[in-house]
file structure-v6.txt (compact mmCIF, C-alpha atoms)
# COMPACT_ATOMS: atom_id res chain seq x y z
CA MET A 3 31.55 44.76 45.86
CA ALA A 4 30.13 46.59 42.91
CA LYS A 5 27.32 44.80 41.17
CA ARG A 6 28.27 44.44 37.51
CA ALA A 7 25.87 44.42 34.59
CA ALA A 8 25.12 40.87 33.45
CA PRO A 9 27.36 40.13 30.45
CA GLU A 10 25.63 39.64 27.14
CA VAL A 11 25.12 36.00 26.19
CA ASN A 12 27.31 35.07 23.29
CA ALA A 13 25.02 34.12 20.44
CA GLY A 14 27.73 33.25 18.01
CA SER A 15 27.27 29.53 18.39
CA MET A 16 23.49 29.65 18.00
CA ALA A 17 23.81 29.04 14.28
CA ASP A 18 25.81 25.91 14.95
CA ILE A 19 23.15 24.60 17.30
CA ALA A 20 20.49 25.38 14.69
CA PHE A 21 22.34 23.48 12.03
CA LEU A 22 22.92 20.59 14.35
CA LEU A 23 19.18 20.34 14.97
CA LEU A 24 18.46 20.72 11.27
CA ILE A 25 20.78 17.86 10.38
CA PHE A 26 19.33 15.73 13.17
CA PHE A 27 15.80 16.15 11.80
CA LEU A 28 16.98 15.63 8.26
CA VAL A 29 18.47 12.30 9.16
CA THR A 30 15.69 11.02 11.40
CA THR A 31 12.54 11.92 9.48
CA THR A 32 11.36 9.52 6.85
CA ILE A 33 9.15 11.04 4.26
CA GLU A 34 5.78 9.38 4.31
CA THR A 35 5.21 7.05 1.40
CA ASP A 36 2.00 5.54 0.19
CA SER A 37 1.47 1.87 0.68
CA GLY A 38 -1.10 -0.62 -0.40
CA ILE A 39 -1.84 -4.02 -1.86
CA ASN A 40 -0.07 -4.65 -5.17
CA ARG A 41 -1.97 -6.60 -7.80
CA LYS A 42 -1.35 -7.49 -11.39
CA LEU A 43 -4.23 -7.45 -13.85
CA PRO A 44 -4.51 -10.17 -16.49
CA PRO A 45 -3.74 -9.10 -20.05
CA THR A 46 -6.72 -8.65 -22.34
CA ASP A 47 -5.80 -11.12 -25.06
CA GLU A 48 -8.24 -13.97 -24.97
CA VAL A 49 -6.92 -17.39 -24.15
CA VAL A 50 -8.05 -19.53 -27.06
CA ASP A 51 -8.06 -22.76 -25.19
CA PRO A 52 -8.52 -22.24 -21.46
CA PRO A 53 -6.91 -25.07 -19.53
CA VAL A 54 -9.21 -27.41 -17.71
CA ILE A 55 -8.88 -27.00 -13.97
CA LYS A 56 -10.25 -29.56 -11.58
CA GLN A 57 -12.96 -28.23 -9.33
CA ARG A 58 -11.14 -29.39 -6.23
CA ASN A 59 -8.21 -27.12 -7.07
CA ILE A 60 -10.36 -24.01 -7.09
CA PHE A 61 -11.27 -22.15 -3.94
CA THR A 62 -14.19 -19.90 -4.76
CA VAL A 63 -14.85 -16.77 -2.77
CA VAL A 64 -17.93 -14.79 -3.68
CA VAL A 65 -18.79 -11.43 -2.13
CA ASN A 66 -22.36 -10.41 -2.75
CA LYS A 67 -23.97 -6.98 -2.84
CA ASP A 68 -24.72 -7.09 0.89
CA ASN A 69 -21.01 -7.63 1.53
CA ARG A 70 -21.55 -11.20 2.70
CA LEU A 71 -19.08 -13.95 1.92
CA LEU A 72 -19.79 -17.26 0.26
CA VAL A 73 -16.75 -19.50 0.41
CA GLU A 74 -16.89 -22.88 -1.34
CA GLU A 75 -20.70 -22.63 -1.44
CA GLU A 76 -20.96 -21.92 2.27
CA LEU A 77 -21.60 -18.71 4.18
CA MET A 78 -18.55 -17.62 6.07
CA ASP A 79 -17.53 -14.77 8.30
CA ILE A 80 -14.49 -12.83 7.10
CA SER A 81 -12.61 -13.66 10.30
CA GLU A 82 -12.53 -17.32 9.26
CA LEU A 83 -11.40 -16.64 5.69
CA ARG A 84 -7.67 -16.66 6.34
CA GLU A 85 -7.80 -20.03 8.11
CA ALA A 86 -9.94 -21.53 5.36
CA ALA A 87 -7.63 -20.28 2.63
CA ILE A 88 -4.56 -21.63 4.42
CA ALA A 89 -6.24 -25.01 4.88
CA PHE A 90 -7.04 -25.11 1.15
CA LEU A 91 -3.60 -24.00 -0.09
CA ASP A 92 -1.68 -26.19 2.32
CA ASN A 93 -3.85 -29.27 1.80
CA GLY A 94 -1.50 -31.23 -0.45
CA GLY A 95 -3.93 -34.00 -1.33
CA GLY A 96 -2.11 -34.99 -4.54
CA GLN A 97 -0.74 -38.46 -5.13
CA GLY A 98 2.50 -39.57 -6.81
CA GLU A 99 3.92 -36.81 -8.98
CA GLU A 100 1.49 -34.27 -7.67
CA ALA A 101 2.29 -34.94 -4.05
CA CYS A 102 3.46 -32.01 -1.94
CA ASP A 103 6.13 -32.99 0.55
CA TYR A 104 6.26 -29.69 2.43
CA CYS A 105 2.53 -29.25 2.91
CA LYS A 106 1.22 -29.64 6.42
CA GLY A 107 -2.47 -29.84 5.59
CA LYS A 108 -5.01 -32.60 6.02
CA ARG A 109 -4.26 -34.24 2.63
CA ASP A 110 -7.96 -34.29 1.92
CA THR A 111 -8.60 -35.75 -1.53
CA SER A 112 -11.55 -33.44 -2.11
CA SER A 113 -9.38 -30.32 -1.68
CA SER A 114 -6.34 -28.99 -3.58
CA ASP A 115 -3.61 -31.29 -4.93
CA ASN A 116 -0.67 -29.02 -4.20
CA PRO A 117 -0.04 -25.29 -3.78
CA GLU A 118 1.12 -24.93 -7.36
CA LYS A 119 -2.24 -26.12 -8.64
CA ALA A 120 -4.39 -24.41 -6.05
CA ILE A 121 -6.20 -21.35 -7.38
CA ILE A 122 -8.22 -18.89 -5.38
CA SER A 123 -11.04 -17.45 -7.41
CA LEU A 124 -12.52 -14.19 -6.16
CA LYS A 125 -15.78 -12.92 -7.49
CA ASN A 126 -17.56 -9.80 -6.40
CA ASP A 127 -20.74 -7.99 -7.21
CA ARG A 128 -20.88 -4.53 -8.75
CA GLU A 129 -22.47 -3.29 -5.55
CA THR A 130 -19.93 -4.81 -3.20
CA SER A 131 -18.32 -2.12 -1.11
CA TYR A 132 -14.67 -1.39 -1.81
CA LYS A 133 -13.83 -1.57 1.90
CA VAL A 134 -15.01 -5.18 2.14
CA TYR A 135 -13.28 -6.09 -1.11
CA ILE A 136 -9.98 -4.77 0.30
CA ALA A 137 -10.59 -6.69 3.54
CA VAL A 138 -11.08 -9.91 1.55
CA GLN A 139 -8.02 -9.25 -0.60
CA ASN A 140 -6.05 -8.52 2.54
CA GLU A 141 -7.03 -11.80 4.16
CA LEU A 142 -6.24 -13.83 1.04
CA VAL A 143 -2.82 -12.19 0.69
CA ALA A 144 -2.33 -12.79 4.41
CA ALA A 145 -2.98 -16.51 3.88
CA TYR A 146 -0.21 -16.68 1.27
CA ASN A 147 2.10 -14.59 3.43
CA ASP A 148 1.52 -16.79 6.48
CA LEU A 149 2.44 -19.92 4.52
CA ARG A 150 5.45 -18.24 2.94
CA ASP A 151 6.60 -17.01 6.34
CA ARG A 152 6.46 -20.56 7.65
CA GLU A 153 8.47 -22.05 4.79
CA PHE A 154 10.93 -19.18 4.82
CA ALA A 155 11.64 -19.76 8.51
CA LEU A 156 12.17 -23.50 7.88
CA LEU A 157 14.48 -22.99 4.91
CA ASN A 158 16.46 -20.06 6.29
CA PRO A 159 16.61 -20.45 10.06
CA MET A 160 19.65 -18.16 10.19
CA ALA A 161 18.05 -15.28 8.30
CA GLY A 162 16.63 -13.74 11.45
CA MET A 163 13.61 -12.36 9.65
CA THR A 164 10.33 -13.51 8.21
CA TYR A 165 9.39 -13.70 4.55
CA THR A 166 7.42 -10.46 4.72
CA GLU A 167 10.32 -8.64 6.35
CA ALA A 168 12.73 -10.03 3.79
CA GLN A 169 10.42 -8.95 0.99
CA LYS A 170 10.28 -5.46 2.49
CA ARG A 171 14.07 -5.32 2.67
CA TYR A 172 14.30 -6.51 -0.90
CA SER A 173 11.98 -3.85 -2.29
CA ASP A 174 13.44 -1.09 -0.13
CA PRO A 175 15.50 1.22 -2.39
CA ARG A 176 17.90 1.86 0.50
CA SER A 177 19.04 -1.78 0.72
CA THR A 178 22.42 -2.51 -0.79
CA ALA A 179 22.84 -4.49 -3.98
CA THR A 180 24.68 -7.30 -2.20
CA GLU A 181 21.86 -7.72 0.28
CA LYS A 182 19.32 -7.81 -2.53
CA ALA A 183 21.35 -10.41 -4.41
CA LYS A 184 21.45 -12.51 -1.26
CA LEU A 185 17.73 -12.23 -0.59
CA LYS A 186 16.49 -12.85 -4.12
CA PRO A 187 17.09 -16.63 -4.34
CA MET A 188 15.69 -17.10 -0.85
CA LEU A 189 12.53 -15.21 -1.74
CA ASP A 190 12.14 -16.85 -5.12
CA GLU A 191 12.34 -20.32 -3.65
CA VAL A 192 9.54 -19.65 -1.19
CA LYS A 193 7.48 -17.91 -3.86
CA SER A 194 7.71 -20.93 -6.13
CA MET A 195 6.58 -23.18 -3.29
CA TYR A 196 3.45 -21.13 -2.70
CA PRO A 197 2.81 -19.20 -5.92
CA GLN A 198 0.15 -16.55 -5.55
CA LYS A 199 -2.62 -17.66 -7.86
CA LEU A 200 -5.47 -15.32 -7.25
CA SER A 201 -7.92 -15.07 -10.08
CA GLU A 202 -10.65 -12.49 -10.30
CA ALA A 203 -13.80 -13.17 -12.22
CA GLU A 204 -15.77 -10.48 -14.00
CA PRO A 205 -18.32 -9.15 -11.54
CA SER A 206 -21.91 -10.20 -11.67
CA LYS A 207 -24.54 -7.67 -12.57
CA THR A 208 -27.12 -6.87 -9.96
CA ASN A 209 -30.65 -6.95 -11.20
CA MET B 18 28.70 54.55 51.38
CA SER B 19 29.40 54.22 47.72
CA LYS B 20 29.52 50.47 48.18
CA PHE B 21 25.79 50.27 48.55
CA LYS B 22 24.90 52.78 45.86
CA LYS B 23 22.45 51.38 43.43
CA LYS B 24 23.94 51.13 39.98
CA LYS B 25 22.07 52.80 37.18
CA GLY B 26 22.46 50.26 34.37
CA GLY B 27 21.46 47.36 36.56
CA GLU B 28 18.68 45.92 34.35
CA LEU B 29 19.36 42.91 32.16
CA PRO B 30 20.60 43.63 28.66
CA ALA B 31 18.29 42.70 25.77
CA ILE B 32 18.69 39.16 24.49
CA SER B 33 20.39 39.10 21.15
CA THR B 34 18.13 38.20 18.28
CA ALA B 35 20.95 37.63 15.87
CA SER B 36 20.22 33.90 15.73
CA LEU B 37 16.54 34.27 15.01
CA PRO B 38 17.09 33.99 11.22
CA ASP B 39 18.93 30.73 11.79
CA ILE B 40 16.06 29.26 13.76
CA VAL B 41 13.55 30.37 11.17
CA PHE B 42 15.61 28.89 8.37
CA MET B 43 15.94 25.66 10.28
CA LEU B 44 12.20 25.38 10.63
CA LEU B 45 11.76 26.26 7.00
CA PHE B 46 14.17 23.58 5.84
CA PHE B 47 12.59 21.04 8.11
CA PHE B 48 9.12 21.60 6.75
CA MET B 49 10.39 21.75 3.19
CA VAL B 50 11.90 18.33 3.56
CA ALA B 51 9.18 16.64 5.58
CA THR B 52 6.16 17.73 3.56
CA VAL B 53 4.84 15.51 0.86
CA MET B 54 3.64 17.51 -2.07
CA ARG B 55 0.25 16.57 -3.37
CA ASP B 56 0.11 16.96 -7.10
CA SER B 57 -3.56 17.64 -7.34
CA THR B 58 -6.15 18.98 -4.95
CA LEU B 59 -8.65 16.38 -3.90
CA MET B 60 -12.16 16.90 -5.14
CA VAL B 61 -13.52 13.60 -3.89
CA GLN B 62 -13.93 12.12 -0.46
CA ASN B 63 -10.97 9.92 0.15
CA SER B 64 -10.99 7.89 3.34
CA LEU B 65 -8.94 4.88 2.31
CA PRO B 66 -9.77 1.40 3.61
CA ALA B 67 -7.37 -0.29 6.02
CA ALA B 68 -5.13 -3.28 5.29
CA ASP B 69 -2.03 -4.78 6.87
CA GLN B 70 -0.58 -7.02 4.14
CA ILE B 71 0.82 -4.07 2.27
CA GLN B 72 3.81 -3.11 0.25
CA LYS B 73 5.34 0.33 -0.01
CA LEU B 74 5.08 2.45 -3.11
CA ASP B 75 8.59 3.81 -3.32
CA LYS B 76 9.87 5.70 -6.33
CA LYS B 77 7.22 8.30 -6.86
CA ASP B 78 8.25 8.90 -10.46
CA ARG B 79 6.89 5.50 -11.43
CA VAL B 80 3.42 5.99 -10.05
CA MET B 81 0.32 7.54 -11.52
CA TYR B 82 -2.65 8.24 -9.32
CA ILE B 83 -6.32 7.69 -9.97
CA TYR B 84 -8.69 9.00 -7.32
CA ALA B 85 -12.30 7.95 -6.94
CA GLY B 86 -15.06 8.59 -4.48
CA LYS B 87 -18.09 10.76 -3.84
CA PRO B 88 -17.58 14.43 -4.74
CA SER B 89 -16.64 16.28 -1.59
CA GLY B 90 -18.20 19.32 0.06
CA ARG B 91 -18.65 22.14 -2.39
CA TYR B 92 -18.53 19.88 -5.45
CA SER B 93 -21.43 17.72 -4.32
CA ASP B 94 -23.99 20.37 -5.34
CA LYS B 95 -22.75 20.40 -8.87
CA TYR B 96 -21.71 16.82 -9.42
CA GLY B 97 -24.16 14.93 -7.24
CA SER B 98 -23.49 12.21 -4.73
CA GLN B 99 -22.58 9.39 -7.10
CA ALA B 100 -18.98 8.22 -6.85
CA ARG B 101 -16.81 9.84 -9.52
CA ILE B 102 -13.28 9.44 -10.84
CA GLN B 103 -10.78 12.25 -10.47
CA LEU B 104 -7.84 12.44 -12.85
CA ASN B 105 -5.35 15.25 -12.18
CA ASP B 106 -7.55 18.19 -11.25
CA LYS B 107 -10.72 17.24 -13.08
CA PHE B 108 -13.65 14.92 -12.67
CA ALA B 109 -13.61 12.31 -15.38
CA ASP B 110 -15.63 9.46 -16.80
CA VAL B 111 -14.53 5.88 -17.09
CA GLY B 112 -13.85 6.47 -20.78
CA ASP B 113 -11.20 9.09 -19.97
CA VAL B 114 -9.04 6.68 -17.96
CA ALA B 115 -7.36 5.11 -20.98
CA ALA B 116 -6.40 8.49 -22.46
CA PHE B 117 -5.12 9.64 -19.08
CA VAL B 118 -2.90 6.58 -18.72
CA LEU B 119 -1.48 7.01 -22.21
CA ALA B 120 -0.78 10.71 -21.57
CA GLU B 121 0.89 9.95 -18.25
CA ARG B 122 2.95 7.22 -19.82
CA ALA B 123 4.10 9.50 -22.62
CA SER B 124 5.20 12.12 -20.09
CA LYS B 125 7.56 9.73 -18.31
CA ARG B 126 11.09 8.86 -19.27
CA GLN B 127 11.38 6.07 -21.79
CA GLU B 128 12.97 3.52 -19.49
CA LEU B 129 10.19 3.98 -16.95
CA GLN B 130 7.33 3.62 -19.39
CA ASN B 131 7.05 -0.11 -18.94
CA VAL B 132 7.35 -0.23 -15.17
CA LEU B 133 4.65 2.24 -14.24
CA THR B 134 2.25 1.41 -11.43
CA THR B 135 -1.25 2.77 -11.20
CA ALA B 136 -2.18 3.66 -7.65
CA LEU B 137 -5.91 3.51 -7.06
CA LYS B 138 -6.83 5.84 -4.23
CA VAL B 139 -10.43 4.96 -3.81
CA ASP B 140 -12.79 5.93 -1.00
CA GLY B 141 -13.91 2.99 1.12
CA GLU B 142 -17.60 3.62 0.50
CA THR B 143 -17.35 3.24 -3.25
CA ASN B 144 -19.05 0.36 -5.02
CA MET B 145 -16.89 -2.21 -6.77
CA GLY B 146 -18.64 -1.56 -10.08
CA LEU B 147 -16.71 1.66 -10.64
CA ILE B 148 -13.41 0.03 -9.70
CA THR B 149 -14.06 -2.89 -12.03
CA ASP B 150 -14.75 -0.46 -14.85
CA ILE B 151 -11.46 1.34 -14.14
CA LYS B 152 -9.63 -1.98 -14.09
CA GLN B 153 -11.11 -2.98 -17.45
CA GLU B 154 -9.95 0.34 -18.92
CA LEU B 155 -6.48 -0.19 -17.51
CA ARG B 156 -6.32 -3.64 -19.04
CA LYS B 157 -7.20 -2.16 -22.44
CA VAL B 158 -4.16 0.12 -22.39
CA ASN B 159 -1.97 -2.57 -20.87
CA ALA B 160 -1.41 -0.79 -17.56
CA LEU B 161 -1.44 -4.01 -15.60
CA LYS B 162 0.43 -3.15 -12.44
CA ILE B 163 -1.94 -1.64 -9.95
CA ASN B 164 -1.81 -0.81 -6.28
CA TYR B 165 -4.85 -0.45 -4.08
CA THR B 166 -3.59 2.30 -1.81
CA THR B 167 -4.68 1.75 1.76
CA ARG B 168 -4.14 2.97 5.26
CA VAL B 169 -2.15 0.79 7.62
CA GLY B 170 -4.56 -0.96 9.95
CA ASP B 171 -6.45 -4.08 10.75
CA TYR B 172 -9.00 -5.35 8.21
CA THR B 173 -11.75 -5.37 10.85
CA GLN B 174 -11.86 -1.57 10.61
CA ASN B 175 -13.43 -2.02 7.18
CA ILE B 176 -16.37 -3.97 8.46
CA ASN B 177 -19.07 -2.36 10.47

call {"tool": "encode", "arguments": {"input": "structure-v6.txt", "output": "structure tokens"}}
result
Amino acid sequence: MAKRAAPEVNAGSMADIAFLLLIFFLVTTTIETDSGINRKLPPTDEVVDPPVIKQRNIFTVVVNKDNRLLVEEELMDISELREAAIAFLDNGGGQGEEACDYCKGKRDTSSSDNPEKAIISLKNDRETSYKVYIAVQNELVAAYNDLRDREFALLNPMAGMTYTEAQKRYSDPRSTATEKAKLKPMLDEVKSMYPQKLSEAEPSKTN
Amino acid sequence: MSKFKKKKGGELPAISTASLPDIVFMLLFFFMVATVMRDSTLMVQNSLPAADQIQKLDKKDRVMYIYAGKPSGRYSDKYGSQARIQLNDKFADVGDVAAFVLAERASKRQELQNVLTTALKVDGETNMGLITDIKQELRKVNALKINYTTRVGDYTQNIN
């Protein structure tokens, strides 16, 4: 038998394979987006008559220039901050009209009345490091998110997702309008139960 | 004995390179799509702090970026080691922030002008004083929505 020359490989379909791969990568890659902690600054116009807030409804967090934390006049490690903030927000010590029926806290009369009144006040020094400030912000937001997750799961047991996941779906531009319309009342209800009241004081000057 | 005669053109034919352009174009398209364009070259150190309670910054057309940190590498000789603000491609002072925001706002479409977010991309080693100054400037021009851009990670990475 005569040995024949190997036939040339047909390269005509190579372009098709290339396009197939191209489309595959196009569909599967997500372009990296920036992410971070969203905050809203207070407007500059001076409040003429600042409302009087009871001391027990304020949770003060001070970060000094050595990046140490003073929470409610006591030194605290940052790992305990989330727990402490949750305990304060979820306390529900109010009586009568100010009572909070969904709070699961200790109902301590020397702590916050209800989550709507509870304010977290964050104060930092000009020499506080930005890294630590972000860590503190992160833990305080985490406290709110933990509580909102809990209430969201109780109110919407069929949703199959947590508050943070639902919020992500809601702000995702790829979600459909019907899904957003469905999520909005669910999110708003939980948000009104634990409104995020995080106030930032003007920083202290270091001498 | 012609059956066992060695054939002359017995070597393998050259592989066709006709599809090479296709492969190259595929790679080109892939990188074109997957790369994020950076509007301005970074002149400051920018290792962002880590956080995990974060929200995404979609819709790039609604975001303006303010960078801050110590001048990096070749700029540190000229500009020192104090943390500085970078707006577009230039180092700037705190006083320039307001003008920058107004210029950015004017360059956007009208319907977006009220929903702009300011993304603060600040190096982790910066002192809060500078950030507070930036925030005060932003309040003056009513740019109240801000985003502290972070890496995804546990907060304990920030403490050492």

call {"tool": "closest_residue", "arguments": {"input": "structure-v6.txt", "among": "A:Lys106, A:Lys119, A:Arg171, A:Arg152", "to": "chain B", "atoms": "only C-alpha atoms"}}
result
A:Arg171

call {"tool": "atom_distance", "arguments": {"input": "structure-v6.txt", "atom1": "atom CA of Asp140 of chain B", "atom2": "atom CA of Ser89 of chain B"}}
result
11.1 Å

call {"tool": "atom_distance", "arguments": {"input": "structure-v6.txt", "atom1": "atom CA of Thr130 of chain A", "atom2": "atom CA of Ala67 of chain B"}}
result
16.2 Å

call {"tool": "atom_distance", "arguments": {"input": "structure-v6.txt", "atom1": "atom CA of Val73 of chain A", "atom2": "atom CA of Asn40 of chain A"}}
result
23.0 Å

call {"tool": "closest_atom_pairs", "arguments": {"input": "structure-v6.txt", "of": "segment 73-137 of chain B", "to": "segment 149-168 of chain B", "cutoff": "7 Å", "atoms": "only C-alpha atoms", "output": "Markdown table"}}
result
| residue | atom | partner | partner_atom | distance |
| --- | --- | --- | --- | --- |
| B:Val111 | CA | B:Ile151 | CA | 6.2 |
| B:Val114 | CA | B:Glu154 | CA | 6.5 |
| B:Ala115 | CA | B:Glu154 | CA | 5.8 |
| B:Thr134 | CA | B:Lys162 | CA | 5.0 |
| B:Thr135 | CA | B:Ile163 | CA | 4.6 |
| B:Ala136 | CA | B:Asn164 | CA | 4.7 |
| B:Leu137 | CA | B:Tyr165 | CA | 5.1 |

call {"tool": "closest_residue", "arguments": {"input": "structure-v6.txt", "among": "B:Leu44, B:Ile71, B:Met81, B:Ile102", "to": "chain A", "atoms": "only C-alpha atoms"}}
result
B:Ile71
